[in-house]
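The structure appears below as structure tokens.
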Amino acid sequence: MVKKVRQQQLHFNQRVSTRLTYPINRKVIVDAIGKGNGIHIIKQSNRVSLWAVRVENELPIFVYDKITKNPVTVLPKESEYYDYLKSKIFVLSLRDDSQWCNECGKPLALGSTLQCRCCINEICTDCKNSHYISCVILNNGWKTLSQSKKISKGDDE
Ligand SMILES: [Zn+2]
Ligand SMILES: [Zn+2]
């Protein structure tokens with residue numbers, strides 16, 4: 001068990017150094033997940049689940065082993081789970097009285113208006129990425145999602 005933990009830590013440090021542009025203290029991730037300060041994305045097995053944790057000005061997704069209480073790796077930016085996370089945050093707005101995008105101020109088009117589940121505001125599809133950074137990451141909108149457990153609810157097997 002000790003050996004496994006050590007191996008996971010080495011593996012984690014290697015992945016972080018190749019996939020992120022900044023170092024991460026493993027304990028910061030462990031604490032964040034332990035205290036519910038992360039977004040539970042999905043459970044991959046009884047042992048392993050995916051969590052997004054705010055680090056620097058990003059929301060990287062980690063593979064977390066609950067038996068060893070270790071983050072095993074960080075997912076590469078190309079991972080489909082980053083899109084999955086966004087698809088859970090930005091849902092198609094069902095309102096038919098939408099007016100202007102909260103991000104750019106342009107008129108919203110029926111059928112292509114998104115609603116951010118963090119701030120409940122409506123935005124246009126063009127503003128999805130900029131709103132993700134400004135609201136979800138920088139304005140700590142992710143906290144709404146981590147507290148409500150909206151992401152994982154009903155999505156696990
Ligand atoms: Zn917009
Ligand atoms: Zn928002």
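Residue numbering restarts at 1 for every chain of the structure tokens, chains are lettered A, B, ... in their displayed order, and ligands are numbered from 1 as they appear.
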Within 6 Å of ligand 1 (only C-alpha atoms and all ligand atoms), residues as JSON, numbers by chain: {"A": [101, 103, 104, 106, 123, 124, 126, 127]}
Export of the given selection (C-alpha atoms) as an mmCIF file, in the first residue's frame:
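Now in part13.cif:
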data_model
loop_
_atom_site.group_PDB
_atom_site.id
_atom_site.type_symbol
_atom_site.label_atom_id
_atom_site.label_comp_id
_atom_site.auth_asym_id
_atom_site.auth_seq_id
_atom_site.Cartn_x
_atom_site.Cartn_y
_atom_site.Cartn_z
ATOM 1 C CA CYS A 101 -26.528 38.272 -23.573
ATOM 2 C CA GLU A 103 -21.686 38.791 -21.302
ATOM 3 C CA CYS A 104 -21.550 40.740 -24.603
ATOM 4 C CA LYS A 106 -25.982 41.334 -27.992
ATOM 5 C CA ILE A 123 -25.559 34.183 -22.544
ATOM 6 C CA CYS A 124 -25.058 33.618 -26.270
ATOM 7 C CA ASP A 126 -20.211 32.813 -28.611
ATOM 8 C CA CYS A 127 -19.658 33.885 -25.020
#
Distance filter 9 Å around ligand 2, atoms: only C-alpha atoms and all ligand atoms, out as a list in words: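 Listing the residues within 9 Å of ligand 2 gives Ile89, Phe90, Asn102, Gln115, Cys116, Arg117, Cys118, Cys119, Ile120, Asn121, Glu122, Ile123, His131, Tyr132, Ser134, Cys135, Val136, Asn139 and Gly141 of chain A.
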Go ahead and save the residues from that selection, with N, CA and C atoms, as a JSON list (two decimals), in the first residue's frame.
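And here's part_35.json as it stands now:
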[["chain", "number", "residue", "atom", "x", "y", "z"],
["A", 89, "ILE", "N", -22.70, 22.83, -17.09],
["A", 89, "ILE", "CA", -22.81, 24.19, -16.55],
["A", 89, "ILE", "C", -23.70, 25.06, -17.44],
["A", 90, "PHE", "N", -23.50, 24.93, -18.75],
["A", 90, "PHE", "CA", -24.28, 25.74, -19.69],
["A", 90, "PHE", "C", -25.36, 24.89, -20.35],
["A", 102, "ASN", "N", -25.81, 38.36, -21.28],
["A", 102, "ASN", "CA", -25.26, 38.98, -20.08],
["A", 102, "ASN", "C", -23.77, 39.27, -20.19],
["A", 115, "GLN", "N", -28.05, 29.07, -20.66],
["A", 115, "GLN", "CA", -28.19, 29.59, -19.30],
["A", 115, "GLN", "C", -27.07, 29.00, -18.45],
["A", 116, "CYS", "N", -26.38, 29.88, -17.74],
["A", 116, "CYS", "CA", -25.30, 29.45, -16.87],
["A", 116, "CYS", "C", -25.90, 29.00, -15.55],
["A", 117, "ARG", "N", -25.59, 27.78, -15.13],
["A", 117, "ARG", "CA", -26.18, 27.29, -13.89],
["A", 117, "ARG", "C", -25.49, 27.85, -12.65],
["A", 118, "CYS", "N", -24.40, 28.56, -12.85],
["A", 118, "CYS", "CA", -23.73, 29.17, -11.69],
["A", 118, "CYS", "C", -24.41, 30.49, -11.31],
["A", 119, "CYS", "N", -24.65, 31.35, -12.31],
["A", 119, "CYS", "CA", -25.21, 32.68, -12.02],
["A", 119, "CYS", "C", -26.64, 32.82, -12.53],
["A", 120, "ILE", "N", -27.15, 31.81, -13.25],
["A", 120, "ILE", "CA", -28.51, 31.78, -13.79],
["A", 120, "ILE", "C", -28.72, 32.80, -14.92],
["A", 121, "ASN", "N", -27.69, 33.53, -15.27],
["A", 121, "ASN", "CA", -27.82, 34.50, -16.36],
["A", 121, "ASN", "C", -27.80, 33.79, -17.71],
["A", 122, "GLU", "N", -28.34, 34.48, -18.70],
["A", 122, "GLU", "CA", -28.36, 33.92, -20.05],
["A", 122, "GLU", "C", -27.27, 34.55, -20.90],
["A", 123, "ILE", "N", -26.65, 33.72, -21.69],
["A", 123, "ILE", "CA", -25.56, 34.18, -22.54],
["A", 123, "ILE", "C", -25.72, 33.57, -23.94],
["A", 131, "HIS", "N", -17.36, 33.41, -20.67],
["A", 131, "HIS", "CA", -18.17, 33.38, -19.45],
["A", 131, "HIS", "C", -17.68, 32.27, -18.51],
["A", 132, "TYR", "N", -17.22, 31.21, -19.07],
["A", 132, "TYR", "CA", -16.67, 30.11, -18.26],
["A", 132, "TYR", "C", -15.51, 30.62, -17.40],
["A", 134, "SER", "N", -14.78, 33.99, -16.75],
["A", 134, "SER", "CA", -15.14, 35.11, -15.86],
["A", 134, "SER", "C", -16.07, 34.69, -14.72],
["A", 135, "CYS", "N", -17.08, 33.92, -15.01],
["A", 135, "CYS", "CA", -18.07, 33.57, -13.96],
["A", 135, "CYS", "C", -17.70, 32.30, -13.22],
["A", 136, "VAL", "N", -17.51, 31.21, -13.96],
["A", 136, "VAL", "CA", -17.32, 29.91, -13.32],
["A", 136, "VAL", "C", -15.99, 29.83, -12.57],
["A", 139, "ASN", "N", -14.97, 34.20, -10.86],
["A", 139, "ASN", "CA", -15.96, 34.69, -9.90],
["A", 139, "ASN", "C", -16.45, 33.57, -8.98],
["A", 141, "GLY", "N", -17.99, 30.82, -9.52],
["A", 141, "GLY", "CA", -19.30, 30.23, -9.78],
["A", 141, "GLY", "C", -19.30, 28.73, -9.54]]
Val55 of chain A environment, 10 Å, only C-alpha atoms, sequence neighbours closer than 6 positions dropped, as a list of chain:residue names: A:Tyr22, A:Pro23, A:Ile24, A:Asn25, A:Val28, A:Ile29, A:Ile137
Requested write-out: C-alpha atoms of the selected residues, as an mmCIF file, in the first residue's frame:
data_model
loop_
_atom_site.group_PDB
_atom_site.id
_atom_site.type_symbol
_atom_site.label_atom_id
_atom_site.label_comp_id
_atom_site.auth_asym_id
_atom_site.auth_seq_id
_atom_site.Cartn_x
_atom_site.Cartn_y
_atom_site.Cartn_z
ATOM 1 C CA TYR A 22 2.309 25.443 -13.030
ATOM 2 C CA PRO A 23 3.193 23.089 -10.187
ATOM 3 C CA ILE A 24 0.507 21.691 -7.895
ATOM 4 C CA ASN A 25 0.853 20.675 -4.316
ATOM 5 C CA VAL A 28 -4.105 21.166 -1.899
ATOM 6 C CA ILE A 29 -6.106 18.881 -4.181
ATOM 7 C CA ILE A 137 -13.602 30.210 -12.560
#
Residues within 7 Å of segment 15-21 of chain A, please, as a PDB file with C-alpha atoms, in the first residue's frame. Count only C-alpha atoms; anything in the same chain fewer than 6 positions from it doesn't count.
ATOM      1  CA  THR A  73      -3.414  12.285 -12.543  1.00  0.00           C
ATOM      2  CA  VAL A  74      -4.693  15.465 -14.122  1.00  0.00           C
ATOM      3  CA  PRO A  76      -4.979  16.656 -20.524  1.00  0.00           C
TER       4      PRO A  76
END
Interatomic distance (Å, one decimal) between atom CA of Gln8 of chain A and atom CA of Asn140 of chain A: 29.2 Å
Which of A:Tyr84, A:Ser45, A:Arg6, A:Phe62 sits closest to Ile33 of chain A [using only C-alpha atoms]: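 Between A:Tyr84, A:Ser45, A:Arg6, A:Phe62, the residue approaching Ile33 of chain A most closely is A:Phe62.
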Surrounding residues of Pro60 of chain A excluding itself and chain neighbours under 6 positions, 8 Å, only C-alpha atoms, as a list of chain:residue names: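 Contacts, in chain order: A:Ala52, A:Val53, A:Arg54, A:Val74, A:Leu75.
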Pairwise distance for atom CA of Arg47 of chain A and atom CA of Lys69 of chain A, rounded to one decimal in Å: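 Distance between the two atoms: 9.8 Å.
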Residue list (strand (DSSP E), DSSP) for chain A, as number ranges by chain: A: 39-43, 48-52, 61-65, 70-74, 90-92, 113-116, 122-124
Could you please take those selected residues and save N, CA and C atoms as a short mmCIF file (atom, residue, chain, number, x, y, z; two decimals), in the first residue's frame?
data_model
loop_
_atom_site.label_atom_id
_atom_site.label_comp_id
_atom_site.auth_asym_id
_atom_site.auth_seq_id
_atom_site.Cartn_x
_atom_site.Cartn_y
_atom_site.Cartn_z
N ILE A 39 -15.66 20.11 -7.80
CA ILE A 39 -16.87 19.68 -8.49
C ILE A 39 -16.72 18.20 -8.80
N HIS A 40 -17.60 17.40 -8.23
CA HIS A 40 -17.57 15.97 -8.53
C HIS A 40 -18.17 15.78 -9.91
N ILE A 41 -17.39 15.24 -10.83
CA ILE A 41 -17.86 15.12 -12.21
C ILE A 41 -18.50 13.76 -12.46
N ILE A 42 -17.72 12.71 -12.36
CA ILE A 42 -18.31 11.37 -12.44
C ILE A 42 -17.51 10.39 -11.61
N LYS A 43 -18.18 9.28 -11.30
CA LYS A 43 -17.52 8.19 -10.61
C LYS A 43 -17.15 7.18 -11.69
N VAL A 48 -12.32 5.09 -8.04
CA VAL A 48 -11.83 6.28 -8.74
C VAL A 48 -12.95 7.20 -9.23
N SER A 49 -12.79 8.49 -9.00
CA SER A 49 -13.75 9.46 -9.55
C SER A 49 -13.03 10.69 -10.08
N LEU A 50 -13.73 11.47 -10.89
CA LEU A 50 -13.15 12.67 -11.49
C LEU A 50 -13.66 13.91 -10.76
N TRP A 51 -12.73 14.80 -10.45
CA TRP A 51 -13.05 16.05 -9.74
C TRP A 51 -12.39 17.23 -10.43
N ALA A 52 -13.13 18.33 -10.54
CA ALA A 52 -12.53 19.58 -11.02
C ALA A 52 -12.25 20.43 -9.79
N ILE A 61 -9.15 19.06 -14.23
CA ILE A 61 -9.89 17.88 -13.75
C ILE A 61 -8.90 16.80 -13.32
N PHE A 62 -9.12 16.28 -12.11
CA PHE A 62 -8.22 15.29 -11.54
C PHE A 62 -8.90 13.94 -11.41
N VAL A 63 -8.10 12.89 -11.56
CA VAL A 63 -8.56 11.53 -11.28
C VAL A 63 -8.15 11.27 -9.84
N TYR A 64 -9.13 10.95 -9.01
CA TYR A 64 -8.88 10.82 -7.57
C TYR A 64 -9.18 9.39 -7.08
N ASP A 65 -8.22 8.84 -6.38
CA ASP A 65 -8.34 7.49 -5.83
C ASP A 65 -8.76 7.61 -4.37
N ASN A 70 -5.48 9.90 -2.97
CA ASN A 70 -4.48 10.55 -3.80
C ASN A 70 -5.06 11.00 -5.12
N PRO A 71 -4.67 12.17 -5.60
CA PRO A 71 -4.99 12.46 -6.99
C PRO A 71 -4.00 11.65 -7.83
N VAL A 72 -4.50 10.88 -8.76
CA VAL A 72 -3.65 9.99 -9.54
C VAL A 72 -3.05 10.71 -10.75
N THR A 73 -3.89 11.54 -11.37
CA THR A 73 -3.41 12.28 -12.54
C THR A 73 -4.31 13.49 -12.78
N VAL A 74 -3.86 14.37 -13.67
CA VAL A 74 -4.69 15.47 -14.12
C VAL A 74 -4.99 15.18 -15.59
N PHE A 90 -23.50 24.93 -18.75
CA PHE A 90 -24.28 25.74 -19.69
C PHE A 90 -25.36 24.89 -20.35
N VAL A 91 -26.59 25.16 -19.98
CA VAL A 91 -27.70 24.40 -20.53
C VAL A 91 -28.52 25.31 -21.46
N LEU A 92 -29.17 24.69 -22.41
CA LEU A 92 -29.98 25.47 -23.34
C LEU A 92 -31.12 26.14 -22.56
N THR A 113 -29.76 30.11 -27.02
CA THR A 113 -29.39 30.85 -25.82
C THR A 113 -29.02 29.87 -24.72
N LEU A 114 -27.91 30.14 -24.06
CA LEU A 114 -27.48 29.27 -22.98
C LEU A 114 -27.77 29.91 -21.64
N GLN A 115 -28.05 29.07 -20.66
CA GLN A 115 -28.19 29.59 -19.30
C GLN A 115 -27.07 29.00 -18.45
N CYS A 116 -26.38 29.88 -17.74
CA CYS A 116 -25.30 29.45 -16.87
C CYS A 116 -25.90 29.00 -15.55
N GLU A 122 -28.34 34.48 -18.70
CA GLU A 122 -28.36 33.92 -20.05
C GLU A 122 -27.27 34.55 -20.90
N ILE A 123 -26.65 33.72 -21.69
CA ILE A 123 -25.56 34.18 -22.54
C ILE A 123 -25.72 33.57 -23.94
N CYS A 124 -25.01 34.17 -24.91
CA CYS A 124 -25.06 33.62 -26.27
C CYS A 124 -23.97 32.54 -26.38
#
Given only C-alpha atoms as the counted atoms, nearest of A:Lys35, A:Lys66, A:Lys86, A:Arg26 to Gln14 of chain A: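 Of A:Lys35, A:Lys66, A:Lys86, A:Arg26, the one nearest Gln14 of chain A, counting only C-alpha atoms, is A:Arg26.
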Top pick for closest residue to Leu108 of chain A, considering A:Tyr82, A:Thr125, A:Leu94, A:Ile133 and counting only C-alpha atoms: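 Between A:Tyr82, A:Thr125, A:Leu94, A:Ile133, the residue approaching Leu108 of chain A most closely is A:Thr125.
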Minimum-distance residue to Ala109 of chain A, chosen among A:Gln147, A:Ser87, A:Ser79, A:Ser93 (using only C-alpha atoms):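 Of A:Gln147, A:Ser87, A:Ser79, A:Ser93, the one nearest Ala109 of chain A is A:Ser93, counting only C-alpha atoms.
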DSSP-assigned helix (DSSP H, G or I) members of chain A, reported as a PyMOL selection string: chain A and resi 2-19+26-34+80-89+125-138+142-148
Atom-to-atom span, atom CA of Lys27 of chain A and atom CA of Asn129 of chain A, Å: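 Computing the Euclidean distance for atom CA of Lys27 of chain A and atom CA of Asn129 of chain A yields 29.0 Å.
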